[in-house]
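Raw protein.tsv, TSV, C-alpha atoms:
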```
chain	number	residue	atom	x	y	z
A	1	MET	CA	75.19	-69.47	-193.77
A	2	THR	CA	75.63	-73.18	-194.34
A	3	SER	CA	79.33	-72.73	-195.11
A	4	ILE	CA	79.81	-70.77	-191.87
A	5	LYS	CA	78.21	-73.59	-189.87
A	6	LEU	CA	80.37	-76.16	-191.65
A	7	ASN	CA	83.51	-74.14	-190.89
A	8	ARG	CA	82.55	-73.88	-187.23
A	9	SER	CA	81.86	-77.60	-187.04
A	10	PHE	CA	85.18	-78.32	-188.74
A	11	ARG	CA	87.03	-76.10	-186.25
A	12	VAL	CA	85.32	-77.81	-183.30
A	13	LEU	CA	86.19	-81.27	-184.63
A	14	SER	CA	89.75	-80.19	-185.38
A	15	SER	CA	90.24	-78.84	-181.87
A	16	LEU	CA	88.75	-82.02	-180.41
A	17	PHE	CA	90.93	-84.43	-182.36
A	18	ALA	CA	94.01	-82.26	-181.99
A	19	GLY	CA	93.59	-81.88	-178.24
A	20	ASP	CA	96.09	-83.33	-175.78
A	21	THR	CA	93.42	-85.46	-174.14
A	22	PHE	CA	92.37	-87.13	-177.40
A	23	ILE	CA	95.98	-87.83	-178.40
A	24	TYR	CA	96.70	-89.25	-174.95
A	25	VAL	CA	93.63	-91.50	-175.01
A	26	PHE	CA	94.43	-92.64	-178.56
A	27	LYS	CA	97.99	-93.60	-177.54
A	28	ARG	CA	96.74	-95.43	-174.47
A	29	LEU	CA	94.24	-97.39	-176.56
A	30	LEU	CA	96.99	-98.45	-178.95
A	31	GLN	CA	99.08	-99.56	-175.98
A	32	ALA	CA	96.01	-101.38	-174.64
A	33	LEU	CA	95.71	-103.45	-177.80
A	34	LEU	CA	99.30	-104.61	-177.46
A	35	THR	CA	98.82	-105.30	-173.75
A	36	LEU	CA	95.68	-107.35	-174.37
A	37	PHE	CA	97.44	-109.31	-177.12
A	38	LEU	CA	100.36	-110.21	-174.83
A	39	ALA	CA	97.97	-110.98	-171.96
A	40	SER	CA	95.95	-113.31	-174.19
A	41	ILE	CA	99.09	-115.27	-175.10
A	42	LEU	CA	100.05	-115.61	-171.44
A	43	CYS	CA	96.54	-116.64	-170.37
A	44	PHE	CA	96.24	-119.20	-173.17
A	45	ALA	CA	99.64	-120.67	-172.32
A	46	ILE	CA	98.75	-121.01	-168.62
A	47	ILE	CA	95.46	-122.73	-169.44
A	48	GLU	CA	97.16	-125.10	-171.86
A	49	LEU	CA	99.86	-125.98	-169.31
A	50	ALA	CA	97.21	-126.92	-166.75
A	51	PRO	CA	96.75	-130.71	-166.51
A	52	GLY	CA	93.71	-132.27	-168.13
A	53	SER	CA	91.04	-130.83	-170.39
A	54	TYR	CA	87.29	-130.65	-170.77
A	55	LEU	CA	87.25	-133.93	-172.69
A	56	ASP	CA	89.13	-135.70	-169.88
A	57	THR	CA	86.19	-134.98	-167.60
A	58	LEU	CA	83.73	-136.30	-170.17
A	59	SER	CA	85.79	-139.45	-170.71
A	60	GLN	CA	85.04	-140.50	-167.12
A	61	ASN	CA	81.38	-140.82	-168.03
A	62	PRO	CA	80.78	-144.40	-169.24
A	63	LYS	CA	77.72	-143.27	-171.22
A	64	ILE	CA	79.88	-141.23	-173.60
A	65	SER	CA	81.49	-143.34	-176.29
A	66	PRO	CA	85.03	-142.80	-177.64
A	67	GLU	CA	83.52	-141.90	-181.00
A	68	THR	CA	81.55	-139.06	-179.39
A	69	LEU	CA	84.68	-137.83	-177.64
A	70	LYS	CA	86.57	-137.87	-180.93
A	71	GLN	CA	83.77	-135.92	-182.61
A	72	LEU	CA	83.74	-133.32	-179.82
A	73	GLU	CA	87.52	-133.01	-180.01
A	74	GLN	CA	87.30	-132.18	-183.71
A	75	GLN	CA	84.29	-129.89	-183.21
A	76	PHE	CA	86.06	-127.74	-180.61
A	77	GLY	CA	89.41	-127.86	-182.41
A	78	LEU	CA	91.15	-129.56	-179.49
A	79	ASP	CA	92.83	-131.99	-181.86
A	80	LYS	CA	95.01	-129.19	-183.21
A	81	PRO	CA	98.27	-127.92	-181.68
A	82	ALA	CA	97.97	-125.24	-179.00
A	83	PHE	CA	99.36	-122.43	-181.14
A	84	VAL	CA	96.88	-123.28	-183.92
A	85	GLN	CA	94.00	-123.22	-181.42
A	86	TYR	CA	95.16	-119.80	-180.21
A	87	TRP	CA	95.50	-118.44	-183.72
A	88	LEU	CA	92.01	-119.60	-184.73
A	89	TRP	CA	90.55	-118.12	-181.53
A	90	LEU	CA	92.30	-114.78	-182.10
A	91	GLN	CA	91.31	-114.74	-185.75
A	92	GLN	CA	87.60	-115.10	-185.04
A	93	ILE	CA	87.77	-112.34	-182.41
A	94	VAL	CA	89.34	-109.90	-184.87
A	95	THR	CA	87.20	-110.81	-187.86
A	96	ARG	CA	83.82	-111.62	-186.29
A	97	GLY	CA	84.01	-110.42	-182.68
A	98	ASN	CA	83.38	-114.01	-181.61
A	99	PHE	CA	85.12	-115.29	-178.46
A	100	GLY	CA	84.41	-118.91	-179.26
A	101	THR	CA	81.80	-121.42	-178.13
A	102	SER	CA	81.45	-122.64	-174.56
A	103	PHE	CA	82.11	-126.35	-174.23
A	104	VAL	CA	79.64	-126.78	-171.37
A	105	TYR	CA	76.78	-124.51	-172.43
A	106	GLN	CA	77.13	-125.09	-176.21
A	107	ARG	CA	76.57	-121.36	-176.73
A	108	SER	CA	78.70	-118.45	-177.80
A	109	VAL	CA	80.85	-117.09	-175.00
A	110	ALA	CA	79.83	-113.52	-175.81
A	111	SER	CA	76.14	-114.25	-175.21
A	112	LEU	CA	76.92	-115.87	-171.85
A	113	LEU	CA	78.98	-112.88	-170.74
A	114	TRP	CA	76.37	-110.33	-171.81
A	115	GLU	CA	73.79	-112.17	-169.72
A	116	ARG	CA	75.94	-112.03	-166.56
A	117	VAL	CA	77.86	-108.75	-166.89
A	118	PRO	CA	74.97	-106.39	-165.94
A	119	ALA	CA	74.33	-108.24	-162.66
A	120	THR	CA	78.00	-108.20	-161.66
A	121	LEU	CA	78.49	-104.55	-162.61
A	122	LEU	CA	75.34	-103.54	-160.73
A	123	MET	CA	76.51	-105.13	-157.50
A	124	ALA	CA	80.15	-104.14	-157.84
A	125	ILE	CA	79.48	-100.49	-158.71
A	126	ALA	CA	76.90	-100.23	-155.92
A	127	SER	CA	79.43	-101.57	-153.42
A	128	LEU	CA	82.10	-99.21	-154.78
A	129	ILE	CA	79.82	-96.19	-154.30
A	130	VAL	CA	78.84	-97.27	-150.78
A	131	THR	CA	82.48	-97.98	-149.86
A	132	TRP	CA	83.65	-94.53	-150.94
A	133	ALA	CA	80.61	-92.86	-149.37
A	134	ILE	CA	81.56	-94.44	-146.02
A	135	ALA	CA	85.37	-94.34	-146.18
A	136	ILE	CA	85.97	-90.78	-147.35
A	137	PRO	CA	83.87	-89.00	-144.66
A	138	LEU	CA	85.23	-91.28	-141.91
A	139	GLY	CA	88.78	-90.66	-143.08
A	140	ILE	CA	88.21	-86.90	-143.00
A	141	ILE	CA	86.66	-87.09	-139.52
A	142	ALA	CA	89.60	-89.17	-138.26
A	143	ALA	CA	92.17	-86.74	-139.71
A	144	VAL	CA	90.45	-83.63	-138.36
A	145	ASN	CA	90.15	-85.23	-134.90
A	146	GLN	CA	93.65	-86.73	-134.84
A	147	ASN	CA	94.52	-88.62	-131.62
A	148	ARG	CA	91.14	-87.88	-130.10
A	149	THR	CA	88.56	-90.45	-129.04
A	150	VAL	CA	86.78	-90.39	-132.39
A	151	ASP	CA	90.05	-91.00	-134.23
A	152	ARG	CA	91.03	-93.91	-131.96
A	153	VAL	CA	87.63	-95.54	-132.35
A	154	LEU	CA	87.77	-95.21	-136.14
A	155	GLN	CA	91.29	-96.66	-136.18
A	156	VAL	CA	90.08	-99.72	-134.25
A	157	VAL	CA	87.17	-100.08	-136.68
A	158	SER	CA	89.46	-99.79	-139.71
A	159	TYR	CA	92.01	-102.29	-138.37
A	160	THR	CA	89.21	-104.73	-137.55
A	161	GLY	CA	87.58	-104.30	-140.94
A	162	GLN	CA	90.86	-104.68	-142.81
A	163	GLY	CA	91.62	-107.96	-141.09
A	164	PHE	CA	88.09	-109.32	-141.37
A	165	PRO	CA	87.70	-111.83	-144.24
A	166	SER	CA	84.91	-111.00	-146.66
A	167	PHE	CA	83.52	-114.54	-146.60
A	168	ILE	CA	83.09	-114.32	-142.80
A	169	MET	CA	81.13	-111.09	-143.28
A	170	ALA	CA	78.99	-112.81	-145.91
A	171	LEU	CA	78.29	-115.71	-143.55
A	172	LEU	CA	77.31	-113.32	-140.74
A	173	LEU	CA	74.96	-111.49	-143.07
A	174	LEU	CA	73.41	-114.77	-144.17
A	175	PHE	CA	72.85	-115.64	-140.52
A	176	PHE	CA	71.35	-112.19	-139.99
A	177	ALA	CA	69.06	-112.61	-142.99
A	178	GLN	CA	67.93	-116.02	-141.75
A	179	ASN	CA	66.95	-114.60	-138.36
A	180	THR	CA	65.17	-111.58	-139.86
A	181	SER	CA	63.47	-113.45	-142.73
A	182	PRO	CA	61.69	-112.38	-144.90
A	183	LEU	CA	63.07	-108.87	-144.36
A	184	PHE	CA	66.17	-109.38	-146.53
A	185	PRO	CA	66.19	-111.79	-149.50
A	186	VAL	CA	69.34	-113.79	-150.19
A	187	GLY	CA	68.54	-115.71	-153.38
A	188	GLY	CA	68.91	-114.20	-156.85
A	189	MET	CA	68.40	-110.58	-157.79
A	190	THR	CA	64.62	-110.49	-158.28
A	191	SER	CA	61.47	-111.69	-156.54
A	192	ILE	CA	59.05	-114.26	-157.96
A	193	ASP	CA	56.53	-111.59	-158.95
A	194	HIS	CA	59.16	-109.25	-160.41
A	195	ALA	CA	57.66	-109.27	-163.91
A	196	ASP	CA	54.25	-108.21	-162.58
A	197	LEU	CA	55.61	-105.14	-160.77
A	198	PRO	CA	55.52	-101.62	-162.28
A	199	TRP	CA	58.81	-100.14	-163.46
A	200	TRP	CA	59.46	-98.34	-160.18
A	201	GLY	CA	58.58	-101.51	-158.28
A	202	GLN	CA	61.09	-103.49	-160.34
A	203	ILE	CA	63.81	-100.96	-159.52
A	204	MET	CA	62.99	-101.20	-155.81
A	205	ASP	CA	63.01	-104.99	-156.08
A	206	TYR	CA	66.53	-104.91	-157.54
A	207	GLY	CA	67.64	-102.57	-154.75
A	208	TRP	CA	66.02	-104.77	-152.09
A	209	HIS	CA	67.96	-107.84	-153.27
A	210	LEU	CA	71.12	-105.74	-153.62
A	211	ILE	CA	71.32	-104.67	-149.95
A	212	LEU	CA	73.09	-107.65	-148.37
A	213	PRO	CA	75.65	-108.33	-151.17
A	214	THR	CA	76.53	-104.62	-151.23
A	215	VAL	CA	76.96	-104.50	-147.47
A	216	ALA	CA	79.13	-107.64	-147.55
A	217	LEU	CA	81.51	-106.07	-150.07
A	218	SER	CA	81.49	-102.55	-148.62
A	219	LEU	CA	82.14	-103.34	-144.95
A	220	THR	CA	85.31	-105.25	-145.77
A	221	GLY	CA	86.52	-102.77	-148.38
A	222	PHE	CA	86.17	-99.41	-146.69
A	223	ALA	CA	88.82	-99.95	-143.97
A	224	GLY	CA	91.93	-99.56	-146.12
A	225	LEU	CA	90.44	-96.64	-148.03
A	226	GLN	CA	89.56	-94.87	-144.79
A	227	ARG	CA	93.11	-95.21	-143.44
A	228	LEU	CA	94.56	-93.96	-146.72
A	229	MET	CA	92.23	-90.94	-146.69
A	230	ARG	CA	93.21	-90.14	-143.10
A	231	GLY	CA	96.94	-90.41	-143.80
A	232	GLN	CA	96.85	-88.35	-146.99
A	233	LEU	CA	94.76	-85.59	-145.42
A	234	LEU	CA	97.06	-85.39	-142.38
A	235	ASP	CA	100.08	-84.98	-144.68
A	236	VAL	CA	98.37	-82.19	-146.62
A	237	LEU	CA	97.20	-80.39	-143.47
A	238	ARG	CA	100.85	-80.05	-142.39
A	239	GLN	CA	101.84	-78.23	-145.57
A	240	ASP	CA	102.86	-74.55	-145.51
A	241	TYR	CA	100.07	-73.36	-147.81
A	242	ILE	CA	97.48	-74.78	-145.37
A	243	ARG	CA	99.06	-72.79	-142.54
A	244	THR	CA	99.01	-69.72	-144.77
A	245	ALA	CA	95.33	-70.22	-145.56
A	246	ARG	CA	94.54	-70.49	-141.87
A	247	ALA	CA	96.66	-67.45	-141.07
A	248	LYS	CA	94.61	-65.43	-143.57
A	249	GLY	CA	91.51	-66.18	-141.52
A	250	LEU	CA	89.79	-68.57	-143.92
A	251	PRO	CA	87.05	-70.71	-142.33
A	252	GLU	CA	88.26	-74.15	-141.24
A	253	ASN	CA	85.71	-75.95	-143.42
A	254	ARG	CA	86.96	-74.07	-146.49
A	255	VAL	CA	90.58	-74.90	-145.62
A	256	ILE	CA	89.79	-78.60	-145.25
A	257	TYR	CA	87.29	-79.23	-148.03
A	258	PHE	CA	88.48	-76.73	-150.65
A	259	HIS	CA	92.25	-76.56	-150.21
A	260	ALA	CA	93.35	-79.73	-148.40
A	261	LEU	CA	90.92	-82.34	-149.65
A	262	ARG	CA	91.46	-81.58	-153.35
A	263	ASN	CA	95.16	-82.38	-152.96
A	264	ALA	CA	94.73	-85.33	-150.60
A	265	VAL	CA	92.32	-87.17	-152.86
A	266	ASN	CA	94.76	-87.70	-155.77
A	267	PRO	CA	96.23	-91.03	-154.52
A	268	LEU	CA	92.73	-92.31	-153.88
A	269	ILE	CA	91.72	-91.59	-157.47
A	270	THR	CA	94.74	-93.58	-158.63
A	271	LEU	CA	93.57	-96.40	-156.39
A	272	LEU	CA	90.12	-96.15	-157.99
A	273	GLY	CA	91.56	-97.45	-161.26
A	274	PHE	CA	92.73	-100.64	-159.58
A	275	GLU	CA	89.45	-100.99	-157.68
A	276	PHE	CA	87.56	-100.79	-160.96
A	277	ALA	CA	89.68	-103.65	-162.26
A	278	SER	CA	88.98	-105.72	-159.15
A	279	LEU	CA	85.19	-105.43	-159.51
A	280	LEU	CA	85.00	-108.85	-161.15
A	281	SER	CA	87.10	-110.69	-158.56
A	282	GLY	CA	85.76	-108.74	-155.60
A	283	ALA	CA	82.17	-109.62	-156.39
A	284	PHE	CA	82.89	-113.33	-156.64
A	285	ILE	CA	82.39	-114.23	-152.96
A	286	ALA	CA	79.21	-112.18	-152.64
A	287	GLU	CA	77.79	-113.80	-155.78
A	288	LEU	CA	78.61	-117.24	-154.46
A	289	PHE	CA	77.10	-116.73	-150.99
A	290	PHE	CA	74.05	-114.76	-152.05
A	291	ASN	CA	73.32	-116.73	-155.23
A	292	TRP	CA	73.70	-113.61	-157.33
A	293	PRO	CA	73.53	-114.46	-161.07
A	294	GLY	CA	76.76	-112.75	-162.08
A	295	LEU	CA	80.09	-113.60	-163.64
A	296	GLY	CA	81.61	-115.09	-160.48
A	297	LYS	CA	79.70	-118.37	-160.54
A	298	LEU	CA	80.09	-118.57	-164.32
A	299	ALA	CA	83.87	-118.11	-164.07
A	300	LEU	CA	84.13	-120.73	-161.31
A	301	ASP	CA	82.21	-123.26	-163.35
A	302	ALA	CA	84.36	-122.48	-166.39
A	303	VAL	CA	87.59	-123.11	-164.46
A	304	THR	CA	86.21	-126.27	-162.83
A	305	ASN	CA	85.07	-127.70	-166.16
A	306	GLN	CA	88.14	-126.39	-168.02
A	307	ASP	CA	85.89	-124.55	-170.45
A	308	LEU	CA	88.79	-123.07	-172.42
A	309	TYR	CA	87.19	-120.20	-174.33
A	310	LEU	CA	84.96	-119.11	-171.45
A	311	VAL	CA	87.96	-118.97	-169.11
A	312	MET	CA	89.89	-116.96	-171.70
A	313	ALA	CA	87.04	-114.49	-172.07
A	314	THR	CA	86.76	-113.88	-168.31
A	315	LEU	CA	90.53	-113.41	-167.99
A	316	MET	CA	90.61	-110.99	-170.90
A	317	MET	CA	87.70	-109.08	-169.42
A	318	GLY	CA	89.68	-108.62	-166.20
A	319	SER	CA	92.67	-107.32	-168.19
A	320	ALA	CA	90.46	-104.91	-170.14
A	321	MET	CA	88.89	-103.60	-166.93
A	322	LEU	CA	92.35	-102.95	-165.48
A	323	ILE	CA	93.32	-100.93	-168.55
A	324	VAL	CA	90.05	-98.98	-168.61
A	325	GLY	CA	90.24	-98.35	-164.87
A	326	ASN	CA	93.75	-96.90	-165.07
A	327	LEU	CA	92.79	-94.72	-168.02
A	328	LEU	CA	89.72	-93.37	-166.20
A	329	ALA	CA	91.85	-92.69	-163.11
A	330	ASP	CA	94.36	-90.68	-165.17
A	331	LEU	CA	91.60	-88.62	-166.79
A	332	LEU	CA	89.99	-87.97	-163.40
A	333	LEU	CA	93.33	-86.85	-161.98
A	334	LYS	CA	93.71	-84.41	-164.86
A	335	ALA	CA	90.17	-83.08	-164.36
A	336	ILE	CA	90.58	-82.58	-160.60
A	337	ASP	CA	94.14	-81.24	-160.56
A	338	PRO	CA	94.95	-79.01	-163.59
A	339	ARG	CA	98.62	-79.00	-162.60
A	340	ILE	CA	98.90	-82.62	-163.70
A	341	LYS	CA	99.97	-83.15	-167.30
A	342	LEU	CA	98.74	-86.23	-169.09
A	343	GLU	CA	102.10	-86.86	-170.75
A	344	ASP	CA	103.65	-87.17	-167.27
A	345	LEU	CA	101.24	-89.95	-166.29
A	346	LYS	CA	102.99	-93.21	-167.11
```
Entire entry expressed as structure tokens:
Amino acid sequence: MTSIKLNRSFRVLSSLFAGDTFIYVFKRLLQALLTLFLASILCFAIIELAPGSYLDTLSQNPKISPETLKQLEQQFGLDKPAFVQYWLWLQQIVTRGNFGTSFVYQRSVASLLWERVPATLLMAIASLIVTWAIAIPLGIIAAVNQNRTVDRVLQVVSYTGQGFPSFIMALLLLFFAQNTSPLFPVGGMTSIDHADLPWWGQIMDYGWHLILPTVALSLTGFAGLQRLMRGQLLDVLRQDYIRTARAKGLPENRVIYFHALRNAVNPLITLLGFEFASLLSGAFIAELFFNWPGLGKLALDAVTNQDLYLVMATLMMGSAMLIVGNLLADLLLKAIDPRIKLEDLK
């Protein structure tokens, strides 16, 4: 009996590791390692070519002696050539998973990122969900009611939203919050008494503080997605197989949502991979305006202070998110449309 179970388990594992999806993902991960390696070289070179350094800022402080500056230079390895600094940084990532020590915070870069990543992902993913929940239905409504009043109104809304800067929207929401205070909080992601709340109260507190940043990101991001959804659905609705489905007497809702929408959504899923990569940069303005404790403010401070290893870590995180986003988009395309072959996705 035990041998039969082992044989079954072996067959399941064999089929899993021999599957096309696993092979495709494995190849993409190998390509990702090479891409990240080349991206790290480029990022390090750009940072090194930038004028000045962290120690140049400290040297302007008369309270810091030249001996202290020399000691810090040796401590951070800034006295070595650039290629040696890069090699030592890469070596400690591979061997110890350590991204270096922050010059400003005197802490490991990894610990700083892990503190800020959950807050940024929470806001960015929430805004992504809200954006798609608004854009997709409005795009469908606009396509179904082409050239009617509803369509024209939605086109005006989309053009206005697409040309509306996100920082202006954030300022308007701050003004709105000020005039409706204390209805919507704008500072941080928790209230003062957050620790004293029950678990469900803490979740509601997070959601309460998340409203305005999510709205700021979603209202400026849904316009382009809505127009794309409208255009793709209109193209699909003109296809011959849609006319055939209607000629057979299928209900209009089934024609739109079952036949047309499944084919129109493919380009949007491809776009989802790039949107996932832009979560970090897209959340920056909202974090800055609403004092959200995420990666945006940390990255800005790192660039301002020329905190070498912290800047490198944030840049590499953006590259990794782009790779992961494109991989997820390809797998979603395969899951939604069986006609798509993974080996054809380049």
Report as a PyMOL selection string all protein, DNA and RNA residues lying within 9 Å of A:Ile242, evaluated on all atoms listed in the file, omitting residues in the same chain fewer than 3 positions from it.
chain A and resi 236-239+245-247+255-256+259-260
Just the residues within 12 Å of A:Phe37, please, counting all atoms listed in the file, with nothing from its chain fewer than 4 positions along; format it as a ChimeraX atom specification.
/A:30-33,41-44,86-87,90-91,93-94,316,319-320
Would you compute the distance between atom CA of A:Gln155 and atom CA of A:Val215? Give it in Å to one decimal.
19.9 Å
Atom CA of A:Phe164 to atom CA of A:Ile125: how many Å, to one decimal?
21.3 Å
Can you work out the spacing between atom CA of A:Gln306 and atom CA of A:Leu58 in Å, to one decimal?
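Calculated distance between atom CA of A:Gln306 and atom CA of A:Leu58 is 11.1 Å.
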Might you pull out every residue within 12 Å of A:Leu112, with all atoms listed in the file counted and same-chain residues fewer than 5 positions away left off, and present them as a count of residues only?
24
Using all atoms listed in the file and a cutoff of 12 Å, can you tell me which residues are near (80.2, -99.2, -155.8) in the file's coordinates, and write them out as a PyMOL selection string?
chain A and resi 120-135+210-211+213-219+221-222+272+275-276+278-279+282-283
Given only C-alpha atoms as the basis, pick out the residue of A:Asn266, A:Thr190, A:Asn61, A:Gln162 nearest to A:Gly224.
A:Gln162
